[in-house]
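> Just dropping this structure here.
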Amino acid sequence: MKSWEILADNLSKAGWSLGWVSALDCEGRTIWIADAHRGDGQRFVVHADEKLTAFLELESAVVHQENKSNGSQLLADLAVRH
């Protein structure tokens with residue numbers, strides 16, 4: 001299993017629905033766009049030059065928000081799964 005797949009699996013197990021796509025920017029470079037959302041209306045969208053970087057940024061955004069909202073339980077859950 002690739003590193004980005006592990007991150008995606010962890011986010012999915014934490015209740016997030018995920019999507020990702022590659023696209024070309026105006027200079028012809030490949031960029032990756034990833035999003036995580038769930039039924040309560042929370043949504044995060046990130047973009048990066050590499051797929052792994054996009055998922056790391058997505059995980060960071062989700063964990064940061066969860067820590068603000070619910071303490072550190074999600075962070076602990078994600079750390080156990082790594």
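All residue names refer to the structure tokens as shown: chains lettered A, B, ... in order, residues numbered from 1 in each chain, ligands numbered from 1 in order.
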Near Ile31 (chain A), counting only C-alpha atoms, which residues have an atom at most 8 Å away, once you skip same-chain residues fewer than 6 positions from it, shown as an MDAnalysis selection string?

chainID A and resid 22:25 47:50

> Neighbours of Asp35 (chain A) within 8 Å (only C-alpha atoms; same-chain residues fewer than 2 positions away dropped), as a list in words?

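My list of contacting residues is Leu18, Gly19, Trp20, Ile33, His37, Arg43, Phe44, Val45, Val46 and Leu58 of chain A.
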
> Step one, run DSSP on the backbone; step two, keep only residues of chain A assigned to strand (DSSP E or B); then write them as a count of residues only.

22

> Take CA of Asp40 (chain A) and CA of Ala54 (chain A) and report the distance between them in Å, one decimal.

22.6 Å

> Please measure the separation of CA of Trp4 (chain A) and CA of Val63 (chain A), giving the value in Å to one decimal.

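Here the two named atoms are 15.8 Å from each other.
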
> Mind giving me the straight-line distance from CA of Ala61 (chain A) to CA of Gly15 (chain A) in Å, one decimal?

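Result for CA of Ala61 (chain A) versus CA of Gly15 (chain A): 14.6 Å, one decimal.
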
> Enumerate as a VMD selection string all residues of chain A assigned to helix (DSSP H, G or I) by DSSP on the backbone, naming them with the chain letters and numbers the document uses.

chain A and resid 3 to 13 51 to 70 73 to 81

> Considering only C-alpha atoms, can you say which of A:Arg38, A:Arg29, A:Lys68, A:Lys51 comes closest to Leu11 (chain A)?

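Under the stated criterion, the closest residue is A:Arg38.
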
> Restricting the calculation to only C-alpha atoms: of A:Trp32, A:Gly39, A:Lys2, A:Ser69, which residue gets closest to Trp16 (chain A)?

A:Gly39
